[in-house]
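Okay, query09.txt now, which holds compact mmCIF, C-alpha atoms:
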```txt
# COMPACT_ATOMS: atom_id res chain seq x y z
CA MET A 67 -45.39 -35.58 145.08
CA VAL A 68 -47.56 -37.51 147.53
CA GLU A 69 -47.24 -41.26 147.05
CA PRO A 70 -49.73 -43.88 148.26
CA GLU A 71 -48.14 -46.17 150.83
CA ASP A 72 -49.07 -49.51 149.27
CA ALA A 73 -49.45 -48.81 145.54
CA PRO A 74 -46.70 -50.27 143.35
CA LYS A 75 -44.89 -47.62 141.33
CA VAL A 76 -44.55 -47.66 137.55
CA LEU A 77 -42.25 -45.46 135.49
CA LEU A 78 -44.03 -44.68 132.21
CA LEU A 79 -41.77 -43.34 129.47
CA GLY A 80 -44.20 -41.20 127.51
CA GLY A 81 -44.39 -38.33 125.08
CA THR A 82 -46.75 -39.84 122.52
CA SER A 83 -50.51 -39.48 122.19
CA GLU A 84 -50.96 -42.85 123.92
CA SER A 85 -49.42 -41.60 127.17
CA GLU A 86 -52.68 -40.42 128.70
CA ALA A 87 -54.64 -43.62 128.05
CA LEU A 88 -51.82 -45.74 129.45
CA ALA A 89 -51.30 -43.59 132.53
CA LEU A 90 -55.01 -43.60 133.34
CA ALA A 91 -55.33 -47.35 132.83
CA LEU A 92 -52.37 -48.00 135.13
CA ALA A 93 -53.59 -45.59 137.80
CA ARG A 94 -57.09 -47.07 137.75
CA ALA A 95 -55.56 -50.53 138.11
CA GLY A 96 -53.98 -49.44 141.39
CA TYR A 97 -50.52 -48.21 140.34
CA TRP A 98 -48.76 -44.97 141.19
CA VAL A 99 -47.54 -43.66 137.84
CA LEU A 100 -44.69 -41.29 137.03
CA VAL A 101 -44.84 -40.17 133.40
CA SER A 102 -41.34 -39.28 132.18
CA THR A 103 -40.87 -37.17 129.06
CA ALA A 104 -37.74 -35.90 127.37
CA THR A 105 -39.03 -32.31 127.07
CA ASP A 106 -41.53 -30.09 128.85
CA GLU A 107 -43.81 -29.83 125.82
CA PRO A 108 -47.52 -29.82 126.75
CA LEU A 109 -48.84 -33.37 127.05
CA PRO A 110 -52.11 -34.70 128.50
CA ILE A 111 -51.31 -37.37 131.10
CA GLY A 112 -54.70 -37.87 132.70
CA ALA A 113 -56.38 -36.26 135.69
CA HIS A 114 -55.79 -38.74 138.49
CA PRO A 115 -54.18 -38.26 141.93
CA HIS A 116 -51.80 -41.17 141.32
CA ILE A 117 -50.40 -39.75 138.04
CA HIS A 118 -47.42 -37.38 138.09
CA ARG A 119 -44.88 -36.13 135.57
CA ARG A 120 -41.16 -35.42 135.32
CA CYS A 121 -39.25 -33.89 132.39
CA GLY A 122 -35.72 -34.38 131.10
CA ARG A 123 -33.76 -37.05 129.28
CA LEU A 124 -32.49 -40.04 131.24
CA GLY A 125 -29.31 -41.97 130.53
CA VAL A 126 -28.72 -45.48 131.86
CA LYS A 127 -27.14 -44.18 135.07
CA GLU A 128 -29.90 -41.66 135.80
CA MET A 129 -32.69 -44.07 134.89
CA HIS A 130 -31.20 -46.83 137.04
CA ALA A 131 -30.91 -44.51 140.03
CA LEU A 132 -34.50 -43.37 139.62
CA LEU A 133 -35.88 -46.89 139.32
CA VAL A 134 -33.94 -48.40 142.21
CA GLU A 135 -33.74 -45.54 144.69
CA GLU A 136 -37.42 -44.63 144.30
CA GLY A 137 -38.55 -48.25 144.46
CA PHE A 138 -40.27 -48.64 141.12
CA ALA A 139 -41.80 -52.03 140.40
CA ALA A 140 -41.65 -51.87 136.59
CA LEU A 141 -41.03 -49.68 133.55
CA VAL A 142 -43.47 -49.20 130.69
CA ASP A 143 -41.94 -47.78 127.52
CA ALA A 144 -44.54 -45.93 125.45
CA THR A 145 -42.15 -43.71 123.51
CA HIS A 146 -42.24 -43.19 119.75
CA PRO A 147 -41.59 -46.23 117.51
CA TYR A 148 -38.44 -44.54 116.18
CA ALA A 149 -36.97 -43.57 119.57
CA THR A 150 -34.42 -46.37 119.36
CA GLU A 151 -31.94 -44.79 121.76
CA VAL A 152 -34.59 -44.53 124.48
CA HIS A 153 -35.74 -48.11 123.88
CA ASP A 154 -32.19 -49.42 124.20
CA THR A 155 -31.51 -47.37 127.33
CA ALA A 156 -34.72 -48.51 129.03
CA HIS A 157 -34.24 -52.17 128.11
CA LYS A 158 -30.64 -52.19 129.30
CA THR A 159 -31.48 -50.38 132.53
CA CYS A 160 -34.28 -52.81 133.39
CA GLU A 161 -31.95 -55.75 132.81
CA GLN A 162 -29.41 -54.22 135.20
CA ALA A 163 -32.04 -53.39 137.81
CA GLY A 164 -33.85 -56.74 137.52
CA LEU A 165 -37.15 -55.06 136.72
CA PRO A 166 -39.79 -55.88 134.10
CA TYR A 167 -39.59 -53.95 130.83
CA LEU A 168 -42.93 -53.70 129.02
CA ARG A 169 -43.11 -52.00 125.66
CA PHE A 170 -46.25 -50.37 124.29
CA ARG A 171 -45.88 -49.90 120.54
CA ARG A 172 -48.57 -48.16 118.54
CA GLN A 173 -49.98 -50.13 115.66
CA GLN A 174 -48.69 -49.62 112.17
CA SER A 175 -51.01 -48.18 109.55
CA SER A 176 -53.57 -50.64 108.24
CA THR A 177 -53.82 -48.86 104.89
CA THR A 178 -50.26 -49.06 103.58
CA GLN A 179 -50.40 -48.22 99.88
CA SER A 180 -48.47 -49.50 96.89
CA ASP A 181 -47.33 -45.98 96.04
CA TRP A 182 -45.46 -45.58 99.34
CA ILE A 183 -41.71 -45.55 98.69
CA PHE A 184 -39.95 -47.23 101.60
CA ALA A 185 -36.44 -46.39 102.79
CA LYS A 186 -34.43 -48.39 105.32
CA ASP A 187 -32.94 -45.31 107.01
CA HIS A 188 -32.57 -41.54 106.75
CA GLU A 189 -29.54 -41.71 104.48
CA GLU A 190 -31.43 -43.75 101.90
CA ALA A 191 -34.52 -41.56 102.29
CA ALA A 192 -32.43 -38.44 101.66
CA ARG A 193 -30.98 -39.87 98.45
CA ILE A 194 -34.39 -40.92 97.13
CA ALA A 195 -36.05 -37.64 98.12
CA CYS A 196 -33.49 -35.42 96.44
CA GLU A 197 -33.12 -37.39 93.21
CA ASP A 198 -36.41 -35.94 91.96
CA GLY A 199 -35.13 -32.36 91.96
CA ARG A 200 -38.36 -30.95 93.39
CA PRO A 201 -38.74 -29.26 96.82
CA VAL A 202 -38.72 -31.72 99.72
CA LEU A 203 -40.75 -31.54 102.93
CA LEU A 204 -39.50 -33.48 105.96
CA THR A 205 -42.13 -34.46 108.51
CA THR A 206 -39.79 -36.70 110.51
CA GLY A 207 -38.95 -34.37 113.40
CA SER A 208 -35.79 -32.48 114.26
CA ARG A 209 -33.46 -35.45 114.63
CA ASN A 210 -31.50 -36.89 111.71
CA LEU A 211 -31.67 -33.69 109.68
CA SER A 212 -28.04 -33.76 108.53
CA PRO A 213 -28.35 -36.41 105.77
CA TYR A 214 -31.14 -34.42 104.13
CA VAL A 215 -29.42 -31.05 104.45
CA GLN A 216 -26.21 -32.45 102.98
CA GLU A 217 -27.91 -34.27 100.11
CA ALA A 218 -30.15 -31.30 99.31
CA GLY A 219 -27.12 -29.03 99.23
CA ARG A 220 -25.27 -31.40 96.93
CA ARG A 221 -28.24 -31.72 94.59
CA ARG A 222 -29.30 -28.08 94.95
CA VAL A 223 -32.77 -29.08 96.06
CA GLU A 224 -35.04 -26.91 98.20
CA LEU A 225 -35.52 -28.58 101.58
CA TYR A 226 -38.05 -27.73 104.28
CA ALA A 227 -38.52 -29.39 107.68
CA ARG A 228 -41.60 -29.22 109.89
CA VAL A 229 -40.41 -29.25 113.51
CA LEU A 230 -41.53 -28.24 116.98
CA HIS A 231 -40.79 -24.68 118.05
CA HIS A 232 -38.81 -25.91 121.04
CA ASP A 233 -35.27 -25.08 122.15
CA GLU A 234 -34.11 -28.63 121.48
CA SER A 235 -35.57 -28.64 117.96
CA VAL A 236 -34.15 -25.23 117.14
CA ARG A 237 -30.73 -26.37 118.34
CA ALA A 238 -30.93 -29.49 116.17
CA CYS A 239 -31.77 -27.36 113.12
CA GLU A 240 -28.82 -25.09 113.81
CA GLU A 241 -26.44 -28.00 114.26
CA ALA A 242 -27.59 -29.50 110.95
CA GLU A 243 -27.20 -26.03 109.34
CA LEU A 244 -30.80 -25.86 108.19
CA ASP A 245 -31.58 -22.23 107.43
CA GLU A 246 -34.26 -20.49 109.46
CA ALA A 247 -36.25 -19.86 106.26
CA ARG A 248 -36.40 -23.63 105.69
CA ARG A 249 -37.91 -24.40 109.11
CA ILE A 250 -41.67 -24.73 109.44
CA TYR A 251 -42.64 -24.60 113.09
CA GLY A 252 -45.76 -26.37 114.28
CA ARG A 253 -47.17 -28.98 116.59
CA GLY A 254 -49.39 -31.83 115.43
CA PRO A 255 -51.64 -33.52 114.91
CA PHE A 256 -51.88 -32.05 111.41
CA SER A 257 -54.99 -32.56 109.33
CA TYR A 258 -55.26 -33.44 105.65
CA GLU A 259 -56.08 -29.78 104.98
CA ASP A 260 -53.02 -28.61 106.95
CA ASN A 261 -50.74 -30.81 104.88
CA CYS A 262 -52.32 -29.80 101.58
CA ALA A 263 -51.90 -26.11 102.42
CA LEU A 264 -48.24 -26.64 103.30
CA ILE A 265 -47.56 -28.54 100.10
CA ARG A 266 -49.12 -25.82 97.97
CA ARG A 267 -47.43 -22.97 99.83
CA TYR A 268 -43.91 -24.34 99.40
CA ARG A 269 -44.51 -26.09 96.05
CA ILE A 270 -43.50 -29.41 97.61
CA GLY A 271 -42.87 -32.31 95.26
CA VAL A 272 -41.64 -34.92 97.76
CA MET A 273 -42.78 -35.60 101.32
CA VAL A 274 -40.79 -37.74 103.77
CA SER A 275 -42.51 -39.38 106.74
CA LYS A 276 -42.01 -42.01 109.40
CA GLU A 277 -44.40 -44.93 109.63
CA SER A 278 -45.83 -43.43 112.79
CA GLY A 279 -49.18 -45.20 112.56
CA GLU A 280 -52.61 -43.74 112.07
CA THR A 281 -52.49 -41.95 115.44
CA GLY A 282 -49.27 -40.31 114.27
CA GLY A 283 -50.94 -38.74 111.24
CA VAL A 284 -49.25 -40.72 108.47
CA ILE A 285 -52.53 -41.28 106.60
CA GLU A 286 -53.33 -37.57 106.52
CA LYS A 287 -49.86 -36.89 105.15
CA TRP A 288 -50.12 -39.57 102.49
CA ARG A 289 -53.56 -38.52 101.28
CA ALA A 290 -52.44 -34.91 100.99
CA ALA A 291 -49.28 -35.94 99.15
CA GLN A 292 -51.27 -38.17 96.80
CA ASP A 293 -53.84 -35.50 95.98
CA GLN A 294 -51.18 -32.82 95.48
CA GLY A 295 -49.02 -34.95 93.19
CA CYS A 296 -46.14 -35.55 95.63
CA ARG A 297 -43.95 -38.60 95.99
CA PHE A 298 -44.38 -40.11 99.46
CA ILE A 299 -41.31 -41.63 101.10
CA VAL A 300 -41.69 -43.63 104.31
CA ILE A 301 -38.83 -44.71 106.61
CA ARG A 302 -39.34 -48.24 107.85
CA ARG A 303 -39.73 -48.88 111.53
CA PRO A 304 -36.61 -50.13 113.34
CA GLN A 305 -36.51 -53.52 115.02
CA GLU A 306 -37.14 -53.50 118.76
CA LYS A 307 -35.69 -55.54 121.60
CA GLY A 308 -37.70 -57.40 124.21
CA GLU A 309 -40.43 -59.99 124.25
CA LEU A 310 -43.13 -58.08 126.12
CA ILE A 311 -44.40 -55.83 123.34
CA PHE A 312 -48.05 -54.77 123.39
CA GLN A 313 -50.40 -52.87 121.12
CA ASN A 314 -53.35 -53.08 123.49
CA VAL A 315 -53.50 -51.11 126.74
CA ASP A 316 -55.63 -53.63 128.65
CA GLU A 317 -53.33 -56.53 127.71
CA LEU A 318 -50.31 -54.60 128.96
CA VAL A 319 -51.98 -53.80 132.28
CA ARG A 320 -53.04 -57.43 132.75
CA CYS A 321 -49.49 -58.61 132.10
CA LEU A 322 -48.07 -56.04 134.50
CA SER A 323 -50.40 -57.26 137.22
CA ARG A 324 -48.63 -60.65 137.08
CA CYS A 325 -45.21 -59.11 137.66
CA SER A 326 -43.56 -59.15 141.06
CA ARG A 327 -41.06 -56.64 142.40
CA SER A 328 -38.21 -58.99 141.43
CA GLY A 329 -39.26 -58.97 137.79
CA PHE A 330 -40.60 -62.50 137.51
CA ALA A 331 -43.92 -63.69 136.24
CA GLU A 332 -46.19 -65.97 138.26
CA ASP A 333 -44.92 -68.99 136.32
CA GLY A 334 -41.33 -68.20 137.37
CA SER A 335 -40.08 -67.05 133.96
CA LYS A 336 -37.79 -64.03 133.86
CA PHE A 337 -39.03 -60.90 132.15
CA PRO A 338 -36.71 -59.38 129.54
```
Show me this structure written as structure tokens.
Amino acid sequence: MVEPEDAPKVLLLGGTSESEALALALARAGYWVLVSTATDEPLPIGAHPHIHRRCGRLGVKEMHALLVEEGFAALVDATHPYATEVHDTAHKTCEQAGLPYLRFRRQQSSTTQSDWIFAKDHEEAARIACEDGRPVLLTTGSRNLSPYVQEAGRRRVELYARVLHHDESVRACEEAELDEARRIYGRGPFSYEDNCALIRRYRIGVMVSKESGETGGVIEKWRAAQDQGCRFIVIRRPQEKGELIFQNVDELVRCLSRCSRSGFAEDGSKFP
């Protein structure tokens, strides 16, 4: 990778649909951007000579080495709202390295409905989903499958999970002992029609989703569930650490422009 001599470097933890817009905005503002994703799944990151990509999960040790040894000026965390482990790792690493941690969090849905059934975590969602006795469709990814598989087995409920056809997802399904016949492979975004077809095909009576925001397809899921007579269970978003949390790309870039290499703002206050 060819790096510009004077451009400050930003590590962008991506993987969501917002990654491209953020990477382009940072590059156009004069930063050299490395987009880091956990897997090598296809992801648009923007066509710009100052945007590059790496793949593979980073622990605190690996992330710290990358940030310090490669001379990054800041980290922007644009991972999924439910990627709590990544958020904690990034926040902790930036504290250790003395670098600014800026979090981009996609907006929640503006059309939350009274018929959404909220659950505080996957364990509670599994209990609520399986109490109905009808087939359940998980649209929450390949992590945290075990509570649903166990509860469905105990209640003798048919359980299906829509997951990526990726080695990591397949491995997670196997570890949770979710049968191959219960796995629905696909990659979003999924339309209202896609969700309706899936519900009809598997006779789904309950759909489980994260509150992934409108860009994450939660509205299309809910409308399909509503029209097909399904209960719609939504797992609440977890609390996040840090004070620099943005939902607007331009505001994040403007804030980053005030950061120095030592992680302080122009007014002398320490970034979290």
Pick from A:Arg302, A:Ala242, A:Pro110, A:Leu132: nearest to Trp182 (chain A), with only C-alpha atoms counted? A:Arg302
State, in Å with one decimal place, the distance from CA of Thr103 (chain A) to CA of Glu84 (chain A). 12.7 Å
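Shortest atom-to-atom contact with Arg248 (chain A) among A:Tyr226, A:Arg297, A:Cys121, A:Val272: A:Tyr226, counting only C-alpha atoms.
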With all atoms listed in the file as the counted atoms, please give the residues lying no more than 9 Å from region 94-96 of chain A, apart from itself and same-chain residues fewer than 6 positions off, as number ranges by chain. A: 73-74, 114, 116, 319, 323
By how many Å are CA of Ile285 (chain A) and CA of Pro255 (chain A) apart?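 So the answer is 11.4 Å.
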Quick one: everything within 9 Å of Glu86 (chain A), counting all atoms listed in the file, minus sequence neighbours fewer than 6 positions away in the same chain. Send it as a PyMOL selection string. chain A and resi 80+109-113
Measuring atom to atom with only C-alpha atoms, identify which of A:Val315, A:Ile270, A:Cys325, A:Leu244 is nearest to Arg172 (chain A).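 Counting only C-alpha atoms, the residue closest to Arg172 (chain A) is A:Val315.
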Given the point (-33.9, -29.5, 116.8) in the file's coordinates, find the residues that have an atom at most 12 Å from it, counting all atoms listed in the file, and give them as a PyMOL selection string. chain A and resi 105+206-212+227-244+246+249-251
Could the residues in this selection be written to a file with C-alpha atoms, as a short mmCIF file (atom, residue, chain, number, x, y, z; two decimals), keeping the file's coordinate frame?
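This is the output file out35.cif:
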```cif
data_model
loop_
_atom_site.label_atom_id
_atom_site.label_comp_id
_atom_site.auth_asym_id
_atom_site.auth_seq_id
_atom_site.Cartn_x
_atom_site.Cartn_y
_atom_site.Cartn_z
CA THR A 105 -39.03 -32.31 127.07
CA THR A 206 -39.79 -36.70 110.51
CA GLY A 207 -38.95 -34.37 113.40
CA SER A 208 -35.79 -32.48 114.26
CA ARG A 209 -33.46 -35.45 114.63
CA ASN A 210 -31.50 -36.89 111.71
CA LEU A 211 -31.67 -33.69 109.68
CA SER A 212 -28.04 -33.76 108.53
CA ALA A 227 -38.52 -29.39 107.68
CA ARG A 228 -41.60 -29.22 109.89
CA VAL A 229 -40.41 -29.25 113.51
CA LEU A 230 -41.53 -28.24 116.98
CA HIS A 231 -40.79 -24.68 118.05
CA HIS A 232 -38.81 -25.91 121.04
CA ASP A 233 -35.27 -25.08 122.15
CA GLU A 234 -34.11 -28.63 121.48
CA SER A 235 -35.57 -28.64 117.96
CA VAL A 236 -34.15 -25.23 117.14
CA ARG A 237 -30.73 -26.37 118.34
CA ALA A 238 -30.93 -29.49 116.17
CA CYS A 239 -31.77 -27.36 113.12
CA GLU A 240 -28.82 -25.09 113.81
CA GLU A 241 -26.44 -28.00 114.26
CA ALA A 242 -27.59 -29.50 110.95
CA GLU A 243 -27.20 -26.03 109.34
CA LEU A 244 -30.80 -25.86 108.19
CA GLU A 246 -34.26 -20.49 109.46
CA ARG A 249 -37.91 -24.40 109.11
CA ILE A 250 -41.67 -24.73 109.44
CA TYR A 251 -42.64 -24.60 113.09
#
```
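Near Gly219 (chain A), within 12 Å and counting all atoms listed in the file, sit Ala192, Arg193, Cys196, Glu197, Gly199, Pro201, Val202, Ser212, Pro213, Tyr214, Val215, Val223, Glu224, Leu225, Ala242, Glu243, Leu244 and Asp245 of chain A, not including residues fewer than 4 positions from it in the same chain.
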What separation in Å, quoted to one decimal, exists between CA of Ser257 (chain A) and CA of Thr82 (chain A)? 17.2 Å
Go through A:Tyr167, A:Tyr148, A:Phe298, A:Trp98 and flag the residue nearest Ile311 (chain A), using only C-alpha atoms for the distances.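 Residue with the minimum atom-to-atom distance to Ile311 (chain A): A:Tyr167.
Compared by their closest atoms to His157 (chain A), and using all atoms listed in the file, the residues A:Lys186, A:Gly137, A:Glu217, A:His130 rank with A:His130 nearest.
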Dump N, CA and C atoms of region 292-321 of chain A from the given block, as a PDB file, in the first residue's frame.
```
ATOM      1  N   GLN A 292     -45.737  -8.078   9.693  1.00  0.00           N
ATOM      2  CA  GLN A 292     -47.076  -7.559   9.978  1.00  0.00           C
ATOM      3  C   GLN A 292     -48.088  -8.066   8.953  1.00  0.00           C
ATOM      4  N   ASP A 293     -47.740  -7.972   7.680  1.00  0.00           N
ATOM      5  CA  ASP A 293     -48.673  -8.366   6.625  1.00  0.00           C
ATOM      6  C   ASP A 293     -48.877  -9.867   6.545  1.00  0.00           C
ATOM      7  N   GLN A 294     -47.903 -10.642   7.038  1.00  0.00           N
ATOM      8  CA  GLN A 294     -48.019 -12.098   7.003  1.00  0.00           C
ATOM      9  C   GLN A 294     -48.499 -12.688   8.330  1.00  0.00           C
ATOM     10  N   GLY A 295     -48.882 -11.832   9.257  1.00  0.00           N
ATOM     11  CA  GLY A 295     -49.442 -12.303  10.525  1.00  0.00           C
ATOM     12  C   GLY A 295     -48.430 -12.863  11.495  1.00  0.00           C
ATOM     13  N   CYS A 296     -47.183 -12.360  11.459  1.00  0.00           N
ATOM     14  CA  CYS A 296     -46.138 -12.845  12.365  1.00  0.00           C
ATOM     15  C   CYS A 296     -45.960 -11.902  13.556  1.00  0.00           C
ATOM     16  N   ARG A 297     -45.592 -12.467  14.683  1.00  0.00           N
ATOM     17  CA  ARG A 297     -45.128 -11.645  15.799  1.00  0.00           C
ATOM     18  C   ARG A 297     -43.730 -11.140  15.447  1.00  0.00           C
ATOM     19  N   PHE A 298     -43.411  -9.910  15.882  1.00  0.00           N
ATOM     20  CA  PHE A 298     -42.133  -9.302  15.531  1.00  0.00           C
ATOM     21  C   PHE A 298     -41.402  -8.925  16.810  1.00  0.00           C
ATOM     22  N   ILE A 299     -40.321  -9.649  17.086  1.00  0.00           N
ATOM     23  CA  ILE A 299     -39.544  -9.449  18.307  1.00  0.00           C
ATOM     24  C   ILE A 299     -38.252  -8.704  17.966  1.00  0.00           C
ATOM     25  N   VAL A 300     -37.962  -7.658  18.714  1.00  0.00           N
ATOM     26  CA  VAL A 300     -36.794  -6.821  18.456  1.00  0.00           C
ATOM     27  C   VAL A 300     -35.901  -6.789  19.699  1.00  0.00           C
ATOM     28  N   ILE A 301     -34.619  -7.076  19.519  1.00  0.00           N
ATOM     29  CA  ILE A 301     -33.654  -7.016  20.616  1.00  0.00           C
ATOM     30  C   ILE A 301     -33.163  -5.580  20.749  1.00  0.00           C
ATOM     31  N   ARG A 302     -33.249  -5.040  21.937  1.00  0.00           N
ATOM     32  CA  ARG A 302     -32.851  -3.657  22.158  1.00  0.00           C
ATOM     33  C   ARG A 302     -31.357  -3.470  21.925  1.00  0.00           C
ATOM     34  N   ARG A 303     -31.012  -2.269  21.519  1.00  0.00           N
ATOM     35  CA  ARG A 303     -29.606  -1.956  21.311  1.00  0.00           C
ATOM     36  C   ARG A 303     -28.859  -1.892  22.641  1.00  0.00           C
ATOM     37  N   PRO A 304     -27.632  -2.389  22.673  1.00  0.00           N
ATOM     38  CA  PRO A 304     -26.826  -2.296  23.904  1.00  0.00           C
ATOM     39  C   PRO A 304     -26.317  -0.879  24.118  1.00  0.00           C
ATOM     40  N   GLN A 305     -25.998  -0.562  25.362  1.00  0.00           N
ATOM     41  CA  GLN A 305     -25.391   0.726  25.682  1.00  0.00           C
ATOM     42  C   GLN A 305     -23.966   0.757  25.151  1.00  0.00           C
ATOM     43  N   GLU A 306     -23.503   1.942  24.766  1.00  0.00           N
ATOM     44  CA  GLU A 306     -22.151   2.074  24.233  1.00  0.00           C
ATOM     45  C   GLU A 306     -21.318   3.015  25.081  1.00  0.00           C
ATOM     46  N   LYS A 307     -20.006   2.749  25.097  1.00  0.00           N
ATOM     47  CA  LYS A 307     -19.072   3.577  25.840  1.00  0.00           C
ATOM     48  C   LYS A 307     -18.595   4.733  24.955  1.00  0.00           C
ATOM     49  N   GLY A 308     -18.072   5.762  25.596  1.00  0.00           N
ATOM     50  CA  GLY A 308     -17.489   6.869  24.860  1.00  0.00           C
ATOM     51  C   GLY A 308     -18.420   8.054  24.757  1.00  0.00           C
ATOM     52  N   GLU A 309     -17.818   9.214  24.601  1.00  0.00           N
ATOM     53  CA  GLU A 309     -18.580  10.449  24.495  1.00  0.00           C
ATOM     54  C   GLU A 309     -18.695  10.940  23.058  1.00  0.00           C
ATOM     55  N   LEU A 310     -17.750  10.556  22.213  1.00  0.00           N
ATOM     56  CA  LEU A 310     -17.756  11.026  20.836  1.00  0.00           C
ATOM     57  C   LEU A 310     -18.516  10.040  19.963  1.00  0.00           C
ATOM     58  N   ILE A 311     -19.838  10.150  19.980  1.00  0.00           N
ATOM     59  CA  ILE A 311     -20.707   9.268  19.216  1.00  0.00           C
ATOM     60  C   ILE A 311     -21.468  10.123  18.207  1.00  0.00           C
ATOM     61  N   PHE A 312     -21.396   9.749  16.940  1.00  0.00           N
ATOM     62  CA  PHE A 312     -21.971  10.552  15.866  1.00  0.00           C
ATOM     63  C   PHE A 312     -22.954   9.733  15.045  1.00  0.00           C
ATOM     64  N   GLN A 313     -23.940  10.441  14.484  1.00  0.00           N
ATOM     65  CA  GLN A 313     -24.869   9.832  13.542  1.00  0.00           C
ATOM     66  C   GLN A 313     -24.848  10.588  12.214  1.00  0.00           C
ATOM     67  N   ASN A 314     -23.915  11.520  12.106  1.00  0.00           N
ATOM     68  CA  ASN A 314     -23.775  12.322  10.906  1.00  0.00           C
ATOM     69  C   ASN A 314     -22.311  12.284  10.465  1.00  0.00           C
ATOM     70  N   VAL A 315     -22.086  11.921   9.210  1.00  0.00           N
ATOM     71  CA  VAL A 315     -20.728  11.752   8.702  1.00  0.00           C
ATOM     72  C   VAL A 315     -19.950  13.065   8.747  1.00  0.00           C
ATOM     73  N   ASP A 316     -20.563  14.145   8.292  1.00  0.00           N
ATOM     74  CA  ASP A 316     -19.861  15.434   8.240  1.00  0.00           C
ATOM     75  C   ASP A 316     -19.455  15.916   9.635  1.00  0.00           C
ATOM     76  N   GLU A 317     -20.327  15.694  10.622  1.00  0.00           N
ATOM     77  CA  GLU A 317     -20.006  16.110  11.992  1.00  0.00           C
ATOM     78  C   GLU A 317     -18.818  15.319  12.519  1.00  0.00           C
ATOM     79  N   LEU A 318     -18.769  14.036  12.210  1.00  0.00           N
ATOM     80  CA  LEU A 318     -17.641  13.212  12.652  1.00  0.00           C
ATOM     81  C   LEU A 318     -16.337  13.713  12.025  1.00  0.00           C
ATOM     82  N   VAL A 319     -16.362  13.992  10.736  1.00  0.00           N
ATOM     83  CA  VAL A 319     -15.145  14.450  10.058  1.00  0.00           C
ATOM     84  C   VAL A 319     -14.701  15.794  10.617  1.00  0.00           C
ATOM     85  N   ARG A 320     -15.639  16.689  10.896  1.00  0.00           N
ATOM     86  CA  ARG A 320     -15.269  17.989  11.456  1.00  0.00           C
ATOM     87  C   ARG A 320     -14.632  17.839  12.833  1.00  0.00           C
ATOM     88  N   CYS A 321     -15.170  16.930  13.636  1.00  0.00           N
ATOM     89  CA  CYS A 321     -14.600  16.690  14.962  1.00  0.00           C
ATOM     90  C   CYS A 321     -13.196  16.099  14.843  1.00  0.00           C
TER      91      CYS A 321
END
```
